[in-house]
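Structure first, commentary second.
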Amino acid sequence: MVTIILEGALFIALCAVAVALLAYGVLGFTPLGRWVRQTANRRRIERRAALTCPTHGYHGERDLVRLPGGGRMCPQCYAEVHDVHE
């Protein structure tokens, strides 16, 4: 009984290793992998650019002020535009 369970566990481990090696090969050495990496890099750069005010620099996502139209604004710019003083 133990032999059958051990054989099943080893087969599952072998399948997991095979899938991991296949994914590593595809993502590491093919144009598909390059495309996935470039897409992730582009999204990270765009997210960082959306959180950077040209005047006041980078702000965390929680620090930005949500406008009624759905856009976001730097808290310093919001204070300057709406004449809010802390």
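The way I read the labels, and the way they are meant: chains A, B, ... in the order of the structure tokens, residue 1 as the first residue of every chain, and ligand 1 as the first ligand shown, with later ones counted on from there.
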
Which of chain A fall in strand (DSSP E), as a ChimeraX atom specification: /A:52-53,57-58,65-66,72-73

Backbone DSSP call of alpha helix (DSSP H) for region 20-72 of chain A, listed as a PyMOL selection string: chain A and resi 20-29+31-50

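Here CA of Gly57 (chain A) and CA of Gln38 (chain A) stand 24.9 Å from one another.
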
Residue neighbourhood region 48-53 of chain A, 10 Å, only C-alpha atoms, exclusion window fewer than 3 positions, as an MDAnalysis selection string: chainID A and resid 42:45 56:64 72:77
